[in-house]
>>> print(open('entry-v3.json').read())   # JSON, N, CA and C atoms
[["chain", "number", "residue", "atom", "x", "y", "z"],
["T", 1, "ALA", "N", 31.66, -13.51, 34.02],
["T", 1, "ALA", "CA", 30.30, -13.03, 34.10],
["T", 1, "ALA", "C", 30.23, -11.72, 34.90],
["T", 2, "ILE", "N", 31.01, -11.63, 35.97],
["T", 2, "ILE", "CA", 30.95, -10.42, 36.79],
["T", 2, "ILE", "C", 31.48, -9.22, 36.01],
["T", 3, "LYS", "N", 32.62, -9.37, 35.34],
["T", 3, "LYS", "CA", 33.18, -8.27, 34.56],
["T", 3, "LYS", "C", 32.24, -7.85, 33.43],
["T", 4, "ALA", "N", 31.51, -8.78, 32.87],
["T", 4, "ALA", "CA", 30.57, -8.48, 31.78],
["T", 4, "ALA", "C", 29.21, -8.05, 32.31],
["T", 5, "ARG", "N", 29.03, -8.00, 33.62],
["T", 5, "ARG", "CA", 27.78, -7.60, 34.27],
["T", 5, "ARG", "C", 26.63, -8.57, 33.97],
["T", 6, "HIS", "N", 26.94, -9.82, 33.65],
["T", 6, "HIS", "CA", 25.91, -10.81, 33.38],
["T", 6, "HIS", "C", 25.49, -11.48, 34.68],
["T", 7, "VAL", "N", 25.01, -10.67, 35.60],
["T", 7, "VAL", "CA", 24.66, -11.15, 36.94],
["T", 7, "VAL", "C", 23.33, -10.56, 37.40],
["T", 8, "TYR", "N", 22.80, -11.14, 38.47],
["T", 8, "TYR", "CA", 21.62, -10.59, 39.13],
["T", 8, "TYR", "C", 21.75, -10.86, 40.62],
["T", 9, "GLY", "N", 20.97, -10.15, 41.40],
["T", 9, "GLY", "CA", 21.00, -10.33, 42.84],
["T", 9, "GLY", "C", 19.62, -10.73, 43.35],
["T", 10, "ALA", "N", 19.59, -11.50, 44.42],
["T", 10, "ALA", "CA", 18.32, -11.93, 45.00],
["T", 10, "ALA", "C", 18.52, -12.18, 46.49],
["T", 11, "THR", "N", 17.44, -12.02, 47.24],
["T", 11, "THR", "CA", 17.50, -12.26, 48.67],
["T", 11, "THR", "C", 17.11, -13.69, 49.03],
["T", 12, "ASP", "N", 16.85, -14.52, 48.02],
["T", 12, "ASP", "CA", 16.53, -15.93, 48.21],
["T", 12, "ASP", "C", 17.05, -16.67, 46.97],
["T", 13, "ASN", "N", 16.77, -17.93, 46.84],
["T", 13, "ASN", "CA", 17.27, -18.73, 45.73],
["T", 13, "ASN", "C", 16.38, -18.55, 44.50],
["T", 14, "ILE", "N", 16.25, -17.31, 44.03],
["T", 14, "ILE", "CA", 15.42, -16.96, 42.88],
["T", 14, "ILE", "C", 16.30, -17.02, 41.62],
["T", 15, "ILE", "N", 15.73, -17.51, 40.54],
["T", 15, "ILE", "CA", 16.43, -17.59, 39.26],
["T", 15, "ILE", "C", 15.87, -16.52, 38.34],
["T", 16, "ALA", "N", 16.76, -15.80, 37.63],
["T", 16, "ALA", "CA", 16.33, -14.74, 36.72],
["T", 16, "ALA", "C", 17.04, -14.85, 35.39],
["T", 17, "ASP", "N", 16.30, -14.60, 34.32],
["T", 17, "ASP", "CA", 16.87, -14.51, 32.98],
["T", 17, "ASP", "C", 16.23, -13.30, 32.31],
["T", 18, "PHE", "N", 17.08, -12.42, 31.75],
["T", 18, "PHE", "CA", 16.62, -11.16, 31.15],
["T", 18, "PHE", "C", 17.37, -10.98, 29.85],
["T", 19, "ARG", "N", 16.64, -10.90, 28.73],
["T", 19, "ARG", "CA", 17.25, -10.88, 27.41],
["T", 19, "ARG", "C", 16.57, -9.87, 26.49],
["T", 20, "ALA", "N", 17.30, -9.48, 25.47],
["T", 20, "ALA", "CA", 16.77, -8.71, 24.34],
["T", 20, "ALA", "C", 17.41, -9.30, 23.10],
["T", 21, "GLY", "N", 16.68, -10.13, 22.39],
["T", 21, "GLY", "CA", 17.26, -10.83, 21.25],
["T", 21, "GLY", "C", 18.38, -11.73, 21.71],
["T", 22, "ASN", "N", 19.58, -11.57, 21.11],
["T", 22, "ASN", "CA", 20.75, -12.37, 21.48],
["T", 22, "ASN", "C", 21.54, -11.75, 22.64],
["T", 23, "HIS", "N", 21.06, -10.67, 23.20],
["T", 23, "HIS", "CA", 21.76, -9.97, 24.28],
["T", 23, "HIS", "C", 21.16, -10.35, 25.63],
["T", 24, "ILE", "N", 22.02, -10.38, 26.66],
["T", 24, "ILE", "CA", 21.55, -10.72, 28.00],
["T", 24, "ILE", "C", 21.88, -9.59, 28.97],
["T", 25, "MET", "N", 21.33, -9.71, 30.17],
["T", 25, "MET", "CA", 21.54, -8.69, 31.20],
["T", 25, "MET", "C", 23.01, -8.30, 31.28],
["T", 26, "GLY", "N", 23.24, -7.00, 31.39],
["T", 26, "GLY", "CA", 24.59, -6.48, 31.48],
["T", 26, "GLY", "C", 25.18, -6.03, 30.15],
["T", 27, "ASP", "N", 24.58, -6.41, 29.03],
["T", 27, "ASP", "CA", 25.12, -6.06, 27.73],
["T", 27, "ASP", "C", 24.88, -4.59, 27.39],
["T", 28, "VAL", "N", 25.77, -4.05, 26.56],
["T", 28, "VAL", "CA", 25.66, -2.71, 26.01],
["T", 28, "VAL", "C", 25.63, -2.88, 24.50],
["T", 29, "PHE", "N", 24.56, -2.40, 23.84],
["T", 29, "PHE", "CA", 24.44, -2.63, 22.40],
["T", 29, "PHE", "C", 23.55, -1.59, 21.74],
["T", 30, "THR", "N", 23.58, -1.60, 20.41],
["T", 30, "THR", "CA", 22.80, -0.68, 19.59],
["T", 30, "THR", "C", 21.84, -1.48, 18.72],
["T", 31, "ILE", "N", 20.61, -0.97, 18.59],
["T", 31, "ILE", "CA", 19.60, -1.61, 17.74],
["T", 31, "ILE", "C", 18.92, -0.54, 16.89],
["T", 32, "THR", "N", 18.15, -0.97, 15.92],
["T", 32, "THR", "CA", 17.45, -0.01, 15.04],
["T", 32, "THR", "C", 15.94, -0.03, 15.22],
["T", 33, "THR", "N", 15.43, -0.98, 16.00],
["T", 33, "THR", "CA", 13.99, -1.08, 16.26],
["T", 33, "THR", "C", 13.76, -1.02, 17.77],
["T", 34, "PRO", "N", 12.54, -0.71, 18.21],
["T", 34, "PRO", "CA", 12.28, -0.67, 19.65],
["T", 34, "PRO", "C", 12.66, -1.98, 20.33],
["T", 35, "PRO", "N", 13.27, -1.88, 21.52],
["T", 35, "PRO", "CA", 13.72, -3.11, 22.20],
["T", 35, "PRO", "C", 12.55, -3.97, 22.65],
["T", 36, "GLU", "N", 12.74, -5.28, 22.50],
["T", 36, "GLU", "CA", 11.77, -6.27, 22.98],
["T", 36, "GLU", "C", 12.49, -7.08, 24.05],
["T", 37, "LEU", "N", 12.02, -6.97, 25.28],
["T", 37, "LEU", "CA", 12.68, -7.56, 26.43],
["T", 37, "LEU", "C", 11.95, -8.83, 26.86],
["T", 38, "LYS", "N", 12.71, -9.90, 27.03],
["T", 38, "LYS", "CA", 12.14, -11.18, 27.47],
["T", 38, "LYS", "C", 12.58, -11.41, 28.92],
["T", 39, "VAL", "N", 11.61, -11.72, 29.77],
["T", 39, "VAL", "CA", 11.85, -11.88, 31.21],
["T", 39, "VAL", "C", 11.39, -13.27, 31.65],
["T", 40, "MET", "N", 12.23, -13.94, 32.45],
["T", 40, "MET", "CA", 11.84, -15.19, 33.10],
["T", 40, "MET", "C", 12.34, -15.12, 34.54],
["T", 41, "LEU", "N", 11.42, -15.31, 35.47],
["T", 41, "LEU", "CA", 11.76, -15.36, 36.90],
["T", 41, "LEU", "C", 11.19, -16.65, 37.47],
["T", 42, "GLN", "N", 12.00, -17.38, 38.21],
["T", 42, "GLN", "CA", 11.55, -18.58, 38.92],
["T", 42, "GLN", "C", 11.78, -18.32, 40.40],
["T", 43, "GLY", "N", 10.70, -18.13, 41.13],
["T", 43, "GLY", "CA", 10.81, -17.76, 42.53],
["T", 43, "GLY", "C", 10.73, -18.93, 43.48],
["T", 44, "THR", "N", 10.84, -18.59, 44.76],
["T", 44, "THR", "CA", 10.66, -19.56, 45.83],
["T", 44, "THR", "C", 9.30, -19.38, 46.49],
["T", 45, "ALA", "N", 8.58, -18.36, 46.04],
["T", 45, "ALA", "CA", 7.20, -18.07, 46.46],
["T", 45, "ALA", "C", 6.55, -17.33, 45.29],
["T", 46, "ASN", "N", 5.26, -17.08, 45.39],
["T", 46, "ASN", "CA", 4.57, -16.35, 44.33],
["T", 46, "ASN", "C", 5.08, -14.92, 44.23],
["T", 47, "PHE", "N", 5.17, -14.41, 43.01],
["T", 47, "PHE", "CA", 5.56, -13.02, 42.80],
["T", 47, "PHE", "C", 4.36, -12.10, 42.98],
["T", 48, "LYS", "N", 4.53, -11.11, 43.83],
["T", 48, "LYS", "CA", 3.49, -10.10, 44.05],
["T", 48, "LYS", "C", 3.54, -9.05, 42.94],
["T", 49, "LYS", "N", 4.73, -8.58, 42.60],
["T", 49, "LYS", "CA", 4.92, -7.55, 41.57],
["T", 49, "LYS", "C", 6.21, -7.83, 40.80],
["T", 50, "VAL", "N", 6.17, -7.54, 39.51],
["T", 50, "VAL", "CA", 7.36, -7.57, 38.66],
["T", 50, "VAL", "C", 7.35, -6.26, 37.89],
["T", 51, "TYR", "N", 8.49, -5.58, 37.88],
["T", 51, "TYR", "CA", 8.60, -4.27, 37.25],
["T", 51, "TYR", "C", 9.66, -4.30, 36.16],
["T", 52, "VAL", "N", 9.37, -3.63, 35.04],
["T", 52, "VAL", "CA", 10.39, -3.28, 34.05],
["T", 52, "VAL", "C", 10.70, -1.82, 34.31],
["T", 53, "VAL", "N", 11.99, -1.52, 34.47],
["T", 53, "VAL", "CA", 12.43, -0.16, 34.78],
["T", 53, "VAL", "C", 13.26, 0.36, 33.60],
["T", 54, "LYS", "N", 12.93, 1.56, 33.16],
["T", 54, "LYS", "CA", 13.67, 2.22, 32.08],
["T", 54, "LYS", "C", 14.16, 3.57, 32.60],
["T", 55, "ASN", "N", 15.46, 3.77, 32.58],
["T", 55, "ASN", "CA", 16.04, 5.04, 33.01],
["T", 55, "ASN", "C", 15.51, 5.47, 34.39],
["T", 56, "ASN", "N", 15.45, 4.51, 35.30],
["T", 56, "ASN", "CA", 15.04, 4.73, 36.69],
["T", 56, "ASN", "C", 13.55, 5.04, 36.87],
["T", 57, "LYS", "N", 12.71, 4.68, 35.88],
["T", 57, "LYS", "CA", 11.25, 4.86, 35.99],
["T", 57, "LYS", "C", 10.55, 3.56, 35.67],
["T", 58, "TYR", "N", 9.53, 3.23, 36.45],
["T", 58, "TYR", "CA", 8.73, 2.04, 36.15],
["T", 58, "TYR", "C", 7.96, 2.29, 34.86],
["T", 59, "VAL", "N", 8.13, 1.40, 33.87],
["T", 59, "VAL", "CA", 7.43, 1.55, 32.61],
["T", 59, "VAL", "C", 6.44, 0.40, 32.36],
["T", 60, "TYR", "N", 6.55, -0.67, 33.13],
["T", 60, "TYR", "CA", 5.62, -1.79, 33.01],
["T", 60, "TYR", "C", 5.58, -2.51, 34.35],
["T", 61, "THR", "N", 4.38, -2.83, 34.80],
["T", 61, "THR", "CA", 4.19, -3.53, 36.07],
["T", 61, "THR", "C", 3.24, -4.69, 35.86],
["T", 62, "LEU", "N", 3.59, -5.80, 36.45],
["T", 62, "LEU", "CA", 2.80, -7.02, 36.35],
["T", 62, "LEU", "C", 2.55, -7.53, 37.77],
["T", 63, "SER", "N", 1.35, -8.01, 38.04],
["T", 63, "SER", "CA", 1.01, -8.62, 39.34],
["T", 63, "SER", "C", 0.62, -10.07, 39.08],
["T", 64, "PRO", "N", 1.61, -10.97, 38.91],
["T", 64, "PRO", "CA", 1.31, -12.31, 38.43],
["T", 64, "PRO", "C", 0.69, -13.26, 39.45],
["T", 65, "GLY", "N", 1.08, -13.16, 40.72],
["T", 65, "GLY", "CA", 0.56, -14.10, 41.72],
["T", 65, "GLY", "C", 0.99, -15.53, 41.47],
["T", 66, "LYS", "N", 2.09, -15.72, 40.74],
["T", 66, "LYS", "CA", 2.60, -17.05, 40.42],
["T", 66, "LYS", "C", 4.08, -17.13, 40.78],
["T", 67, "GLN", "N", 4.57, -18.35, 40.96],
["T", 67, "GLN", "CA", 5.97, -18.58, 41.31],
["T", 67, "GLN", "C", 6.89, -18.47, 40.09],
["T", 68, "THR", "N", 6.37, -18.79, 38.91],
["T", 68, "THR", "CA", 7.13, -18.68, 37.67],
["T", 68, "THR", "C", 6.49, -17.61, 36.81],
["T", 69, "VAL", "N", 7.31, -16.67, 36.35],
["T", 69, "VAL", "CA", 6.82, -15.55, 35.55],
["T", 69, "VAL", "C", 7.63, -15.51, 34.26],
["T", 70, "GLU", "N", 6.93, -15.49, 33.14],
["T", 70, "GLU", "CA", 7.58, -15.33, 31.83],
["T", 70, "GLU", "C", 6.74, -14.38, 31.01],
["T", 71, "PHE", "N", 7.39, -13.37, 30.42],
["T", 71, "PHE", "CA", 6.67, -12.44, 29.54],
["T", 71, "PHE", "C", 7.67, -11.72, 28.66],
["T", 72, "THR", "N", 7.14, -11.13, 27.60],
["T", 72, "THR", "CA", 7.91, -10.29, 26.70],
["T", 72, "THR", "C", 7.26, -8.92, 26.69],
["T", 73, "TRP", "N", 8.09, -7.88, 26.80],
["T", 73, "TRP", "CA", 7.60, -6.50, 26.77],
["T", 73, "TRP", "C", 8.39, -5.71, 25.74],
["T", 74, "ARG", "N", 7.68, -4.95, 24.92],
["T", 74, "ARG", "CA", 8.31, -4.14, 23.88],
["T", 74, "ARG", "C", 8.15, -2.67, 24.24],
["T", 75, "ASP", "N", 9.22, -1.92, 24.15],
["T", 75, "ASP", "CA", 9.18, -0.48, 24.43],
["T", 75, "ASP", "C", 8.75, 0.26, 23.17],
["T", 76, "ASN", "N", 7.44, 0.35, 22.97],
["T", 76, "ASN", "CA", 6.91, 1.03, 21.79],
["T", 76, "ASN", "C", 7.09, 2.54, 21.85],
["T", 77, "GLU", "N", 7.53, 3.06, 22.99],
["T", 77, "GLU", "CA", 7.77, 4.49, 23.13],
["T", 77, "GLU", "C", 9.26, 4.83, 23.11],
["T", 78, "ALA", "N", 10.08, 3.87, 22.71],
["T", 78, "ALA", "CA", 11.52, 4.10, 22.63],
["T", 78, "ALA", "C", 11.82, 5.17, 21.59],
["T", 79, "SER", "N", 12.81, 5.98, 21.89],
["T", 79, "SER", "CA", 13.22, 7.03, 20.95],
["T", 79, "SER", "C", 14.72, 6.95, 20.74],
["T", 80, "LYS", "N", 15.20, 7.73, 19.80],
["T", 80, "LYS", "CA", 16.65, 7.74, 19.51],
["T", 80, "LYS", "C", 17.42, 8.11, 20.77],
["T", 81, "GLY", "N", 18.58, 7.49, 20.93],
["T", 81, "GLY", "CA", 19.42, 7.75, 22.08],
["T", 81, "GLY", "C", 19.62, 6.50, 22.91],
["T", 82, "ALA", "N", 20.27, 6.67, 24.06],
["T", 82, "ALA", "CA", 20.59, 5.55, 24.94],
["T", 82, "ALA", "C", 19.63, 5.49, 26.12],
["T", 83, "SER", "N", 19.26, 4.29, 26.50],
["T", 83, "SER", "CA", 18.42, 4.04, 27.68],
["T", 83, "SER", "C", 18.92, 2.78, 28.34],
["T", 84, "TYR", "N", 18.66, 2.67, 29.65],
["T", 84, "TYR", "CA", 18.97, 1.41, 30.32],
["T", 84, "TYR", "C", 17.69, 0.81, 30.86],
["T", 85, "TYR", "N", 17.64, -0.52, 30.86],
["T", 85, "TYR", "CA", 16.46, -1.27, 31.27],
["T", 85, "TYR", "C", 16.90, -2.35, 32.25],
["T", 86, "TYR", "N", 16.08, -2.56, 33.28],
["T", 86, "TYR", "CA", 16.30, -3.71, 34.16],
["T", 86, "TYR", "C", 14.97, -4.17, 34.71],
["T", 87, "VAL", "N", 14.98, -5.32, 35.37],
["T", 87, "VAL", "CA", 13.78, -5.92, 35.93],
["T", 87, "VAL", "C", 13.97, -6.12, 37.42],
["T", 88, "ARG", "N", 12.90, -5.86, 38.15],
["T", 88, "ARG", "CA", 12.88, -6.05, 39.60],
["T", 88, "ARG", "C", 11.63, -6.85, 39.95],
["T", 89, "GLY", "N", 11.79, -7.91, 40.74],
["T", 89, "GLY", "CA", 10.66, -8.74, 41.15],
["T", 89, "GLY", "C", 10.53, -8.78, 42.66],
["T", 90, "GLU", "N", 9.30, -8.71, 43.15],
["T", 90, "GLU", "CA", 9.00, -8.80, 44.58],
["T", 90, "GLU", "C", 8.08, -9.99, 44.82],
["T", 91, "GLN", "N", 8.51, -10.90, 45.67],
["T", 91, "GLN", "CA", 7.67, -12.04, 46.03],
["T", 91, "GLN", "C", 6.71, -11.67, 47.16],
["T", 92, "GLU", "N", 5.67, -12.47, 47.32],
["T", 92, "GLU", "CA", 4.70, -12.24, 48.38],
["T", 92, "GLU", "C", 5.30, -12.40, 49.76],
["T", 93, "ASP", "N", 6.41, -13.16, 49.89],
["T", 93, "ASP", "CA", 7.06, -13.35, 51.19],
["T", 93, "ASP", "C", 8.10, -12.27, 51.50],
["T", 94, "GLY", "N", 8.23, -11.25, 50.61],
["T", 94, "GLY", "CA", 9.14, -10.14, 50.85],
["T", 94, "GLY", "C", 10.50, -10.27, 50.19],
["T", 95, "ASN", "N", 10.85, -11.44, 49.68],
["T", 95, "ASN", "CA", 12.12, -11.60, 48.98],
["T", 95, "ASN", "C", 12.06, -10.92, 47.62],
["T", 96, "ILE", "N", 13.21, -10.43, 47.16],
["T", 96, "ILE", "CA", 13.25, -9.68, 45.91],
["T", 96, "ILE", "C", 14.39, -10.19, 45.01],
["T", 97, "VAL", "N", 14.27, -9.85, 43.74],
["T", 97, "VAL", "CA", 15.31, -10.13, 42.75],
["T", 97, "VAL", "C", 15.41, -8.92, 41.84],
["T", 98, "TRP", "N", 16.65, -8.60, 41.42],
["T", 98, "TRP", "CA", 16.84, -7.54, 40.44],
["T", 98, "TRP", "C", 18.00, -7.95, 39.55],
["T", 99, "VAL", "N", 17.89, -7.60, 38.28],
["T", 99, "VAL", "CA", 18.89, -8.02, 37.30],
["T", 99, "VAL", "C", 19.76, -6.84, 36.89],
["T", 100, "SER", "N", 20.95, -7.13, 36.40],
["T", 100, "SER", "CA", 21.81, -6.09, 35.85],
["T", 100, "SER", "C", 21.11, -5.47, 34.65],
["T", 101, "PRO", "N", 21.26, -4.17, 34.48],
["T", 101, "PRO", "CA", 20.59, -3.52, 33.34],
["T", 101, "PRO", "C", 21.27, -3.83, 32.01],
["T", 102, "MET", "N", 20.49, -3.61, 30.96],
["T", 102, "MET", "CA", 21.03, -3.59, 29.60],
["T", 102, "MET", "C", 21.02, -2.13, 29.17],
["T", 103, "TRP", "N", 22.12, -1.69, 28.57],
["T", 103, "TRP", "CA", 22.21, -0.33, 28.05],
["T", 103, "TRP", "C", 22.01, -0.41, 26.55],
["T", 104, "ILE", "N", 20.91, 0.15, 26.08],
["T", 104, "ILE", "CA", 20.52, 0.00, 24.68],
["T", 104, "ILE", "C", 20.46, 1.37, 24.00],
["T", 105, "THR", "N", 21.15, 1.49, 22.89],
["T", 105, "THR", "CA", 21.10, 2.70, 22.08],
["T", 105, "THR", "C", 20.32, 2.40, 20.82],
["T", 106, "MET", "N", 19.43, 3.33, 20.49],
["T", 106, "MET", "CA", 18.61, 3.15, 19.30],
["T", 106, "MET", "C", 18.89, 4.27, 18.31]]
>>> encode(input="entry-v3.json", output="structure tokens")
Amino acid sequence: AIKARHVYGATDNIIADFRAGNHIMGDVFTITTPPELKVMLQGTANFKKVYVVKNNKYVYTLSPGKQTVEFTWRDNEASKGASYYYVRGEQEDGNIVWVSPMWITM
């Protein structure tokens, strides 16, 4: 898992799952349609903010106020070329989680 980058980091016992179709965090792949990213975070406290990051810029922000967060986000502004995406979550108690990016070429 470490060599394949199928990992995430957290400052508490937070669980994270980040996917695009059959691909998971850390994967490098090519697609022909805009990427649709599925996110699941299970925290130890309520999440204050969850961010989807594309090429080092916040492209989607959610303020769920819940301990479990699940959503799907589609990059309708994706263009030809390579981009990387990852998710970062901040809990209300200050603990954070971030996942390995996916490198997606369209």
>>> residues_around(input="entry-v3.json", residues="Trp73 (chain T)", least_positions_apart="6", cutoff="8 Å", atoms="only N, CA and C atoms", output="ChimeraX atom specification")
/T:34-39
>>> residues_around(input="entry-v3.json", residues="Leu62 (chain T)", least_positions_apart="6", cutoff="6.5 Å", atoms="only N, CA and C atoms", output="PyMOL selection string")
chain T and resi 48-52
>>> closest_residue(input="entry-v3.json", among="T:Glu90, T:Phe71, T:Thr32, T:Ile96", to="Ile14 (chain T)", atoms="only N, CA and C atoms")
T:Ile96
>>> residues_around(input="entry-v3.json", residues="Thr33 (chain T)", least_positions_apart="5", cutoff="12 Å", atoms="only C-alpha atoms", output="number ranges by chain")
T: 20-21, 74-81, 104-106
>>> atom_distance(input="entry-v3.json", atom1="atom N of Ile15 (chain T)", atom2="atom N of Leu41 (chain T)")
7.0 Å
>>> atom_distance(input="entry-v3.json", atom1="CA of Thr68 (chain T)", atom2="CA of Gly43 (chain T)")
6.2 Å
